[in-house]
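Novice: Let me give you the structure first, and then I'll get to my questions.
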Amino acid sequence: MTNNVNKLLEVKNLTLGYKVYEGYLKVINNVSLDLYYGEKIGLIGESGCGKTTTMKAIMGILPSNAVIQGGEILYKGVDLLKISKKEMDKIRKKNISMIFQDPALALNPVFKIREQFYDKIKYCSENKLTRTEVHNLSIKFLKDAALPEPDRILDSYPFQLSGGMKQRVIIGMSLVSANELLIADEPGTSLDVTIEDQIMRLLKSIVDQKGISIILISHALGTVRKFVDRVYVMYAGTIVEFGPTQEIFSNPKHPYTALLLSSVPRLGGKEVSKGIPGVVPNYLNPPKGCRFVTRCPYKMDICEYETPKMYEVGKDHYAACFHYK
Amino acid sequence: MNEKLKNLRILKWLSFNYGIYWYRFRKNKLSIIGLSIIITFVLMAVFAPWIAPYPSSAGLYTNFAQALQPPSSIHLFGTDEMGRDVLSRVIFGLRYSFSLVGVVLSITVLPGVVLGLIAGYYLNRWFSVLIMRLTDIFVAIPPLLLALSVASLLKPSEINAMMAVTVAWWPWYTRLVYSNTSSLRNEDYVKAAELLGASPFKIMFSEILPNQIGSILTKVSLDAGWVILIGASLSYVGLGAQAPTPDLGTMISEGSIYLPGVWWISIFPAIIIVLIILGFNLLGDGIKDMFSTSIR
Amino acid sequence: MGLKKFVAMRLLYGIIGLIGLSILVFILARVLPGDPARMALGPNASQAAVNALRAQLHLNDPLPIQYWYWISGIFTGNWGLSLYTHRNVLIDVEQFFPATLELIIGAAIIDLIFAIPLGLAAGKMENTWVDNIIRIITYIGIAIPSFVVAIILQLTLGYGLHLFPIIGMLSPNISPPPHITGVVVIDALITGEFNVAADAIWHLILPSFSLALGPLAQEARLLRSGVVENKNKDFTLNEIAQGFPERLITFKYLLKPSLISMISIYALDISSIIANAFLIELIFNWPGLSRYGLTAMLSKDLNAIIAVILIAGILFVIANLIVDLIVGYLDPRIGERQGEENE
């Protein structure tokens, strides 16, 4: 068992489900991810394929009806799934932070930004800070998130700020404790395209400056392409392909990745793609073999009853498809 | 052509999925308990003359030899100071309680709903504003207080108590329906119906009203509990049914002088009142579940 | 629109409501069969005397004019004579009001003291045995009329266990404190007579609790559902992800937004406390306005009835205003939202 010291985060064979009235929703099936120090990786896939759930598992904020059925999440060698709540709290305060999808919902609506920010700094620092120190630190982090007039922002309620500003506030807050890893869950999805671009540039400059590792989740393929070093492609709770960004986008090997990339509309007058026929599998009773089998145009008999492993298809490029066995 | 339309209508009503409402209702066992309680009591009230062991106790009856007997096998709830069987009086008292609910709610709900629909649909017209200001005035006063005041200014009797509670009650439905209607009227399907030329009457009753049935029915059930509470409070201070008519609230007050030694005259009616109100509350929760579409 | 304007509008509505109430009550009172002048003078007075009094009381004038005289009388302190005590009703009110106020404030405080922890605990520990027990308590609490609670408490804690006094505001052997505000507990505390204050509080507990049980059960339920709803929202998840300690989240960030739906009911509950005080004062022999009013109602003491109703109405408007202010503080969006609704 190699414990590679260059790996900051290692998700190994994570399997988890949600307990519901009718049984279990098997949403995450044998997911593995590696993240090295200072690296930027992207996690792409359709809505509902389990990207956010995986991230919530890492942060330890899964809902109460979630059941971890197997696997490990190793952060600097320590399994996050097995540590105590207190230790996980420490990690959230000092090492990892997460930016949520919808900034409008992520801030408590009845408190001023000042309250939430001050509390964040107070509780995430080890020393006792005076009020002025807390205030100055808040200003600093708000400025780091490229917010003009930080004093006015502190004095506002969330509903008085625009979507872009709210997202920056959250980025600022996350910077306080994201010293090693930042998880960004579709940070621009609920924003204007132009604002989304600004936010992505901001994130890029922060990450480059501070050397933080980042996991970027998105279903906007263009954004991901410009930003990350490596890409993981997820479908129905499984990783179907991963590799360097350039490789994935120019040379997709897994049928799903190929179809996904081809369905992005292109300026140039060509016809609109046919899309991918079929629907996402029912998580109560997912297919026994490859989960893409119901929609794959290249499916073989073996795909129905056996789950494919990761097969090497290029340099550091792997795909989970029996065609590459 | 009309034949076909009629058949379609019948089909629509028949194929209406009543099943899912019942399923949602019975998911919570408490709602079933509430329903059972209410049905039991209503049946007891309806069949009172046949169920009550000593029906004559409900009227002018005295039997001082048997006065103030504790609960026993011949008098399950004991007897009161006039020798009347408490259980029988309680059963007949149920009649008054439920008729109070029936009268008050049937008088207040329908006009209240209609007024609320009109005010909510025709926002900003003079009559809408008038209606809502009127309700604002009534709402400024606690219902129990208003009922007490009205009842006190009239001669104490069952009917007057009913009137008092009715006066206090009617604005609440108008407000509920008004607030629902005014937010629903901007929905796209209403605008579509208007564009198609549907009359306002049809829009209000076929489009807007069905979407509020849930909250209206929930309120009706919860209100039944409140009406009984207020009715009992009125009777307790002597403003409701007068002797010798059996009434749960009056019985509690008449029996309270004998506390704590002779407890059964007050306590049994009190328990029954609590059970009825509890039943209506649980039923109301069940009705709310019936119409709620959230997945949980 | 701003909070101030919102509150000012509510105040205006309240005043309009009171005016409407006064008209309603006045009309009802005049519609009642019976001659107020005759009732005031008694059956033995001569018809001439009755006629003279009728003229003096403007009873022969058209209704609106009568109303005008009556309303101006109210504002100048002439509230009419009580049939029962034969003096200006306003004096009666001054005498009895503080006791009722004490009762209502006591109930309002007990209400919050119990409702908030119960609702918070039930919501946070959803579906555990704690939650289930609290839910049962709240179901039953809502269903029991306040006078039944009062009777039961009197029987069990008063007669049975002798833990609390059964009637009255003070024990017979204790002399009341000097009359500053009229509210016994406050007066005793101000003048430093702590044993008197303690005795007064001891007497206050049972009646206040009887009044508060129904409302607090309702509010605990609302707080519970607010907490349950908010604890699954994104902002709570975000707070956990940001590393906020659980205590901070529960008692600050979860509590405040959840209180909003609960507090809006608080106004309605205060009104039911005001109304139910009538019955409670009767049971506990509390020398308050409600008992006075109830006696008035049963003996058809018109002026007294009207006075009591007006006072209750004013109290209600004030309570509503206070609650509106609290809601405005808790939910900063209120000023904005309400503004749109009223435009």
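Labels for the structure tokens follow display order: chains A, B, ..., residues from 1 in each chain, ligands from 1.
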Kindly provide, as a list in words, the residues of chain A having any atom no farther than 6 Å from an atom of chain C, counting only C-alpha atoms.
Specialist: Asp89, Arg92, Lys93, Leu105, Ala106, Leu107, Asn108 and Val110 of chain A
Novice: Please save C-alpha atoms of the selected residues as a PDB file, in the first residue's frame.
Specialist:
```pdb
ATOM      1  CA  ASP A  89     -13.967  20.590  12.929  1.00  0.00           C
ATOM      2  CA  ARG A  92     -12.682  22.596   8.510  1.00  0.00           C
ATOM      3  CA  LYS A  93     -11.296  25.536  10.401  1.00  0.00           C
ATOM      4  CA  LEU A 105     -28.799  30.373  -0.164  1.00  0.00           C
ATOM      5  CA  ALA A 106     -25.429  29.910   1.451  1.00  0.00           C
ATOM      6  CA  LEU A 107     -25.485  32.987   3.643  1.00  0.00           C
ATOM      7  CA  ASN A 108     -27.750  33.229   6.659  1.00  0.00           C
ATOM      8  CA  VAL A 110     -31.039  37.362   8.970  1.00  0.00           C
TER       9      VAL A 110
END
```
Novice: So that I can check the surroundings of A:Gly172, please list as an NGL selection string every protein, DNA and RNA residue that reaches within 12 Å of it, counting only C-alpha atoms and ignoring chain neighbours fewer than 2 positions away.
Specialist: (:A and (97-99 or 113 or 116-118 or 120-121 or 137-147 or 150 or 153-154 or 165-170 or 174-178 or 182 or 199 or 202-203 or 206)) or (:C and (242))
Novice: Report as CSV: every residue of chain B with an atom at most 8 Å from chain C, its closest pair of atoms, and their distance in Å to one decimal, counting only C-alpha atoms, with rows sorted by chain and ascending residue number.
Specialist:
```
residue,atom,partner,partner_atom,distance
B:Asp136,CA,C:Gly17,CA,6.6
B:Ile137,CA,C:Gly17,CA,4.1
B:Phe138,CA,C:Gly17,CA,7.1
B:Val139,CA,C:Gly17,CA,8.0
B:Ala140,CA,C:Gly17,CA,5.6
B:Ile141,CA,C:Gly313,CA,5.8
B:Pro142,CA,C:Ser271,CA,5.1
B:Pro143,CA,C:Ser272,CA,7.8
B:Leu144,CA,C:Ala275,CA,5.7
B:Leu145,CA,C:Ala275,CA,5.1
B:Ser149,CA,C:Ile309,CA,7.3
B:Val150,CA,C:Leu28,CA,7.7
B:Ser152,CA,C:Met297,CA,5.1
B:Leu153,CA,C:Ala29,CA,6.7
B:Leu154,CA,C:Leu32,CA,7.2
B:Gly225,CA,C:Ala143,CA,7.7
B:Leu229,CA,C:Pro145,CA,6.1
B:Ser233,CA,C:Leu279,CA,7.5
B:Val237,CA,C:Leu279,CA,7.3
B:Leu259,CA,C:Leu155,CA,7.7
B:Pro260,CA,C:Leu155,CA,6.3
B:Ala270,CA,C:Val148,CA,6.5
B:Ile273,CA,C:Ile144,CA,7.7
B:Val274,CA,C:Ile144,CA,5.1
B:Leu275,CA,C:Ala143,CA,7.5
B:Ile277,CA,C:Ala143,CA,5.1
B:Leu278,CA,C:Ala143,CA,5.0
B:Asn281,CA,C:Ala143,CA,7.6
```
Novice: Could you dump the residues just selected with N, CA and C atoms as an mmCIF file, in the first residue's frame?
Specialist:
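And here's result_17.cif as it stands now:
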```cif
data_model
loop_
_atom_site.group_PDB
_atom_site.id
_atom_site.type_symbol
_atom_site.label_atom_id
_atom_site.label_comp_id
_atom_site.auth_asym_id
_atom_site.auth_seq_id
_atom_site.Cartn_x
_atom_site.Cartn_y
_atom_site.Cartn_z
ATOM 1 N N ASP B 136 -59.862 43.930 8.904
ATOM 2 C CA ASP B 136 -58.805 44.442 9.770
ATOM 3 C C ASP B 136 -59.369 44.895 11.099
ATOM 4 N N ILE B 137 -60.532 45.556 11.048
ATOM 5 C CA ILE B 137 -61.124 46.039 12.294
ATOM 6 C C ILE B 137 -61.465 44.871 13.200
ATOM 7 N N PHE B 138 -62.102 43.859 12.619
ATOM 8 C CA PHE B 138 -62.495 42.736 13.455
ATOM 9 C C PHE B 138 -61.305 41.970 13.978
ATOM 10 N N VAL B 139 -60.264 41.932 13.160
ATOM 11 C CA VAL B 139 -59.111 41.160 13.563
ATOM 12 C C VAL B 139 -58.332 41.847 14.673
ATOM 13 N N ALA B 140 -58.604 43.147 14.867
ATOM 14 C CA ALA B 140 -57.878 43.873 15.901
ATOM 15 C C ALA B 140 -58.272 43.431 17.295
ATOM 16 N N ILE B 141 -59.329 42.650 17.376
ATOM 17 C CA ILE B 141 -59.797 42.240 18.694
ATOM 18 C C ILE B 141 -59.655 40.742 18.859
ATOM 19 N N PRO B 142 -59.210 40.299 20.022
ATOM 20 C CA PRO B 142 -59.116 38.860 20.244
ATOM 21 C C PRO B 142 -60.494 38.219 20.093
ATOM 22 N N PRO B 143 -60.557 37.106 19.364
ATOM 23 C CA PRO B 143 -61.862 36.500 19.091
ATOM 24 C C PRO B 143 -62.652 36.167 20.348
ATOM 25 N N LEU B 144 -61.953 35.640 21.340
ATOM 26 C CA LEU B 144 -62.663 35.266 22.553
ATOM 27 C C LEU B 144 -63.274 36.500 23.200
ATOM 28 N N LEU B 145 -62.511 37.579 23.161
ATOM 29 C CA LEU B 145 -62.984 38.801 23.781
ATOM 30 C C LEU B 145 -64.215 39.320 23.063
ATOM 31 N N SER B 149 -67.858 39.764 24.566
ATOM 32 C CA SER B 149 -68.568 41.047 24.611
ATOM 33 C C SER B 149 -69.936 40.933 23.984
ATOM 34 N N VAL B 150 -69.957 40.338 22.783
ATOM 35 C CA VAL B 150 -71.251 40.231 22.111
ATOM 36 C C VAL B 150 -72.201 39.390 22.930
ATOM 37 N N SER B 152 -72.237 38.939 26.044
ATOM 38 C CA SER B 152 -72.651 39.557 27.291
ATOM 39 C C SER B 152 -73.698 40.623 27.058
ATOM 40 N N LEU B 153 -73.700 41.184 25.853
ATOM 41 C CA LEU B 153 -74.682 42.225 25.604
ATOM 42 C C LEU B 153 -76.030 41.646 25.218
ATOM 43 N N LEU B 154 -76.054 40.349 24.956
ATOM 44 C CA LEU B 154 -77.314 39.709 24.605
ATOM 45 C C LEU B 154 -77.760 38.823 25.750
ATOM 46 N N GLY B 225 -61.865 23.003 16.519
ATOM 47 C CA GLY B 225 -61.340 22.901 17.878
ATOM 48 C C GLY B 225 -61.440 24.216 18.616
ATOM 49 N N LEU B 229 -63.517 25.413 21.961
ATOM 50 C CA LEU B 229 -62.833 26.024 23.097
ATOM 51 C C LEU B 229 -63.534 27.299 23.530
ATOM 52 N N SER B 233 -65.589 28.161 26.881
ATOM 53 C CA SER B 233 -65.243 29.296 27.738
ATOM 54 C C SER B 233 -66.460 30.167 27.999
ATOM 55 N N VAL B 237 -68.494 30.787 31.806
ATOM 56 C CA VAL B 237 -68.856 31.991 32.555
ATOM 57 C C VAL B 237 -70.346 32.237 32.543
ATOM 58 N N LEU B 259 -65.341 20.928 43.908
ATOM 59 C CA LEU B 259 -63.962 20.438 43.905
ATOM 60 C C LEU B 259 -63.334 20.672 45.265
ATOM 61 N N PRO B 260 -62.351 19.949 45.672
ATOM 62 C CA PRO B 260 -61.800 18.772 45.002
ATOM 63 C C PRO B 260 -62.449 17.461 45.402
ATOM 64 N N ALA B 270 -64.417 17.997 31.295
ATOM 65 C CA ALA B 270 -63.154 18.609 30.905
ATOM 66 C C ALA B 270 -62.344 17.659 30.028
ATOM 67 N N ILE B 273 -63.854 17.497 26.583
ATOM 68 C CA ILE B 273 -63.531 18.684 25.773
ATOM 69 C C ILE B 273 -62.113 18.580 25.227
ATOM 70 N N VAL B 274 -61.176 18.225 26.101
ATOM 71 C CA VAL B 274 -59.794 18.124 25.660
ATOM 72 C C VAL B 274 -59.671 17.109 24.530
ATOM 73 N N LEU B 275 -60.359 15.971 24.682
ATOM 74 C CA LEU B 275 -60.276 14.946 23.643
ATOM 75 C C LEU B 275 -60.830 15.458 22.314
ATOM 76 N N ILE B 277 -61.068 18.594 21.225
ATOM 77 C CA ILE B 277 -60.179 19.587 20.618
ATOM 78 C C ILE B 277 -58.934 18.896 20.071
ATOM 79 N N LEU B 278 -58.394 17.955 20.852
ATOM 80 C CA LEU B 278 -57.240 17.199 20.384
ATOM 81 C C LEU B 278 -57.572 16.498 19.067
ATOM 82 N N ASN B 281 -57.564 18.887 16.213
ATOM 83 C CA ASN B 281 -56.207 19.308 15.875
ATOM 84 C C ASN B 281 -55.476 18.242 15.080
#
```
Novice: Using only C-alpha atoms and a distance of at most 12 Å, pull out the residues of chain A that contact chain B, as a ChimeraX atom specification.
Specialist: /A:19-22,65
Novice: With C-alpha atoms retained, export the selected residues as a PDB file, in the first residue's frame.
Specialist:
```
ATOM      1  CA  LYS A  19     -31.665   5.635   3.088  1.00  0.00           C
ATOM      2  CA  VAL A  20     -35.165   6.409   1.901  1.00  0.00           C
ATOM      3  CA  TYR A  21     -38.601   4.949   2.467  1.00  0.00           C
ATOM      4  CA  GLU A  22     -38.341   2.459  -0.373  1.00  0.00           C
ATOM      5  CA  ASN A  65     -29.904   9.628   6.095  1.00  0.00           C
TER       6      ASN A  65
END
```
Novice: What is the distance between atom CA of C:Ser72 and atom CA of C:Ala55, in Å to one decimal?
Specialist: 17.2 Å
Novice: What does the structure give for the distance between atom CA of C:Gly119 and atom CA of C:Leu255, in Å to one decimal?
Specialist: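 Atom CA of C:Leu255 lies 9.8 Å from atom CA of C:Gly119.
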Novice: Just want the 10 Å neighbourhood of B:Lys219, counted on only C-alpha atoms, with same-chain residues fewer than 2 positions away dropped. Output as a PyMOL selection string.
Specialist: chain B and resi 109+172-173+176+213-217+221-225+281+284-285+287-288
Novice: Keeping C-alpha atoms for every residue in the selection just given, could you write it to a file as a compact mmCIF listing (two decimals), in the first residue's frame?
Specialist:
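Wrote part-v9.txt, looks like this:
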```txt
# COMPACT_ATOMS: atom_id res chain seq x y z
CA VAL B 109 -66.85 29.75 5.95
CA TRP B 172 -60.46 34.98 9.48
CA TYR B 173 -61.53 33.03 6.44
CA LEU B 176 -56.83 33.55 4.58
CA ILE B 213 -58.86 23.94 -0.76
CA GLY B 214 -56.09 22.40 1.28
CA SER B 215 -55.41 25.40 3.42
CA ILE B 216 -59.11 26.20 3.80
CA LEU B 217 -60.04 22.69 4.89
CA SER B 221 -60.70 21.50 11.06
CA LEU B 222 -58.41 23.41 13.38
CA ASP B 223 -61.08 26.06 13.81
CA ALA B 224 -63.59 23.46 14.90
CA GLY B 225 -61.34 22.90 17.88
CA ASN B 281 -56.21 19.31 15.87
CA GLY B 284 -56.40 19.20 10.89
CA ASP B 285 -52.79 18.07 10.73
CA ILE B 287 -55.79 17.26 6.26
CA LYS B 288 -52.73 19.46 5.93
```
Novice: Write out as a VMD selection string the residues lying within 12 Å of stretch 306-309 of chain A, counting only C-alpha atoms and excluding same-chain residues fewer than 5 positions away.
Specialist: chain A and resid 13 29 to 32 238 to 241 254 286 to 293 299 to 301 318 to 325
Novice: Quick one: distance from atom CA of C:Val93 to atom CA of C:Ile74 in Å, one decimal?
Specialist: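 A separation of 12.6 Å between them.
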Novice: Within stretch 72-309 of chain A, find each residue whose DSSP state, derived from the backbone, is strand (DSSP E), and express the selection as a ChimeraX atom specification.
Specialist: /A:72-75,78-79,96-99,181-185,213-218,230-235,238-244
Novice: What would the file look like if the residues just selected were written as a PDB file, in the first residue's frame with C-alpha atoms?
Specialist:
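Output contents, as saved in out09.pdb:
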```
ATOM      1  CA  GLU A  72     -11.819   5.759   2.609  1.00  0.00           C
ATOM      2  CA  ILE A  73     -11.149   9.451   2.260  1.00  0.00           C
ATOM      3  CA  LEU A  74      -7.489   9.998   3.066  1.00  0.00           C
ATOM      4  CA  TYR A  75      -6.458  13.559   3.752  1.00  0.00           C
ATOM      5  CA  VAL A  78      -5.732  10.410   7.725  1.00  0.00           C
ATOM      6  CA  ASP A  79      -9.107   8.806   6.963  1.00  0.00           C
ATOM      7  CA  ILE A  96     -10.291  22.663   3.817  1.00  0.00           C
ATOM      8  CA  SER A  97     -13.090  24.948   2.763  1.00  0.00           C
ATOM      9  CA  MET A  98     -16.032  24.635   0.413  1.00  0.00           C
ATOM     10  CA  ILE A  99     -17.830  27.144  -1.776  1.00  0.00           C
ATOM     11  CA  LEU A 181      -7.710  22.724  -0.180  1.00  0.00           C
ATOM     12  CA  LEU A 182     -10.603  24.626  -1.641  1.00  0.00           C
ATOM     13  CA  ILE A 183     -13.644  22.847  -3.003  1.00  0.00           C
ATOM     14  CA  ALA A 184     -15.654  24.960  -5.406  1.00  0.00           C
ATOM     15  CA  ASP A 185     -19.069  23.481  -6.191  1.00  0.00           C
ATOM     16  CA  SER A 213      -5.167  22.892  -4.241  1.00  0.00           C
ATOM     17  CA  ILE A 214      -8.630  23.140  -5.675  1.00  0.00           C
ATOM     18  CA  ILE A 215     -11.373  20.761  -6.751  1.00  0.00           C
ATOM     19  CA  LEU A 216     -13.637  22.515  -9.218  1.00  0.00           C
ATOM     20  CA  ILE A 217     -17.036  21.009  -9.839  1.00  0.00           C
ATOM     21  CA  SER A 218     -18.915  22.142 -12.838  1.00  0.00           C
ATOM     22  CA  ARG A 230      -6.677  17.307 -14.658  1.00  0.00           C
ATOM     23  CA  VAL A 231     -10.269  16.307 -15.177  1.00  0.00           C
ATOM     24  CA  TYR A 232     -12.423  13.576 -13.660  1.00  0.00           C
ATOM     25  CA  VAL A 233     -15.591  12.666 -15.512  1.00  0.00           C
ATOM     26  CA  MET A 234     -18.450  11.362 -13.440  1.00  0.00           C
ATOM     27  CA  TYR A 235     -21.630   9.584 -14.484  1.00  0.00           C
ATOM     28  CA  THR A 238     -19.145   6.474 -10.838  1.00  0.00           C
ATOM     29  CA  ILE A 239     -15.948   7.897 -12.267  1.00  0.00           C
ATOM     30  CA  VAL A 240     -15.869   6.919 -15.934  1.00  0.00           C
ATOM     31  CA  GLU A 241     -12.706   8.626 -17.076  1.00  0.00           C
ATOM     32  CA  PHE A 242      -9.888  10.831 -15.820  1.00  0.00           C
ATOM     33  CA  GLY A 243      -6.727  12.369 -17.174  1.00  0.00           C
ATOM     34  CA  PRO A 244      -4.926  15.636 -18.057  1.00  0.00           C
TER      35      PRO A 244
END
```
